[in-house]
Amino acid sequence: MRLALYQPDIAPNVGTLLRLGACLGVPVDIIEPCGFPFGAKDLRRSVMDYADAVDVTRHTSWEKFTNSLSDQRIILLSTKSASPYSDFSFRDSDILLLGQESAGVPREIHESADHRVVIPMAAGMRSINVAIAAAMVLGEGLRQTEQFPPSPDGAQ
């Protein structure tokens with residue numbers, strides 16, 4: 001399983017997602033351009049000392065990203081989906097695609113995703129922070145595919 005960030009625009013969220021990837025052993029793809037300088041102070045502060053532990057790949061465009069894929073499915077987290085993530089059957093090779101905090105993804109990318117899932121929310125709420133949304137959906141995907149890293153003490 002992988003996380004892919006489409007043209008991220010909030011550095012602290014990217015740092016948090018990189019840290020999440022490091023802690024769970026999940027590679028992170030960043031599809032540029034970013035809405036901030038990649039080495040921004042806010043990004044460094046939120047990724048902390050986990051930057052060297054994450055497998056991160058930067059792609060200069062959506063086309064370069066999609067050309068790097070083999071048989072992986074792209075699963076878009078979207079408020080415009082009617083399919084709850086908790087009802088979705090994840091595969092260990094899935095890529096969870098996250099859009100910009102400010103705008104999501106363009107329609108053509110939304111339509112090109114293999115599947116779209118939503119986090120059900122209370123009435124009147126627009127969206128959950130992208131890093132929290134990723135953690136929720138990634139956690140379910142890792143649970144279903146039994147890909148959580150083993151506990152350091154061997155406990156189950």
# chains A, B, ... in the order shown; residues from 1 in each chain; ligands from 1

$ select_by_dssp --residues "chain A" --states "strand (DSSP E or B)" --output "MDAnalysis selection string"
chainID A and resid 2:6 28:31 56:59 74:77 84 95:98 100 104 115:118

$ residues_around --residues "Tyr85 (chain A)" --least-positions-apart "5" --cutoff "12 Å" --atoms "only C-alpha atoms" --output "PyMOL selection string"
chain A and resi 75-79+90+96+115-121+133-141+144

$ closest_residue --among "A:Ala122, A:Ala131, A:Leu69, A:Ile95" --to "Val26 (chain A)" --atoms "only C-alpha atoms"
A:Ile95

$ atom_distance --atom1 "CA of Ile30 (chain A)" --atom2 "CA of Ala82 (chain A)"
25.9 Å

$ select_by_dssp --residues "chain A" --states "helix (DSSP H, G or I)" --output "ChimeraX atom specification"
/A:11-24,41-53,62-67,85-87,107-112,130-145

$ residues_around --residues "region 51-56 of chain A" --least-positions-apart "5" --cutoff "7 Å" --atoms "only C-alpha atoms" --output "list in words"
Leu18, Gly21, Ala22, Pro27, Val28 and Asp29 of chain A

$ write_last_selection --atoms "all heavy atoms" --output "compact mmCIF listing (two decimals), in the first residue's frame"
# COMPACT_ATOMS: atom_id res chain seq x y z
N LEU A 18 4.30 12.30 5.82
CA LEU A 18 5.60 11.64 5.68
C LEU A 18 5.95 10.88 6.96
O LEU A 18 6.45 9.76 6.92
CB LEU A 18 6.69 12.66 5.34
CG LEU A 18 6.58 13.31 3.95
CD1 LEU A 18 7.64 14.40 3.79
CD2 LEU A 18 6.67 12.28 2.85
N GLY A 21 3.89 7.76 7.02
CA GLY A 21 4.49 6.76 6.15
C GLY A 21 5.70 6.10 6.78
O GLY A 21 5.86 4.88 6.70
N ALA A 22 6.55 6.89 7.42
CA ALA A 22 7.73 6.33 8.08
C ALA A 22 7.33 5.37 9.19
O ALA A 22 7.86 4.25 9.28
CB ALA A 22 8.60 7.46 8.64
N PRO A 27 5.27 3.67 1.73
CA PRO A 27 5.88 4.67 0.85
C PRO A 27 4.92 5.80 0.53
O PRO A 27 3.70 5.61 0.51
CB PRO A 27 6.22 3.87 -0.42
CG PRO A 27 6.20 2.44 0.00
CD PRO A 27 5.20 2.35 1.11
N VAL A 28 5.48 6.98 0.27
CA VAL A 28 4.70 8.17 -0.04
C VAL A 28 5.17 8.74 -1.37
O VAL A 28 6.36 8.96 -1.57
CB VAL A 28 4.82 9.24 1.07
CG1 VAL A 28 4.02 10.49 0.72
CG2 VAL A 28 4.38 8.67 2.42
N ASP A 29 4.21 8.98 -2.27
CA ASP A 29 4.48 9.64 -3.54
C ASP A 29 3.97 11.07 -3.45
O ASP A 29 2.85 11.29 -3.00
CB ASP A 29 3.75 8.92 -4.68
CG ASP A 29 4.30 7.54 -4.93
OD1 ASP A 29 5.38 7.42 -5.52
OD2 ASP A 29 3.65 6.55 -4.51
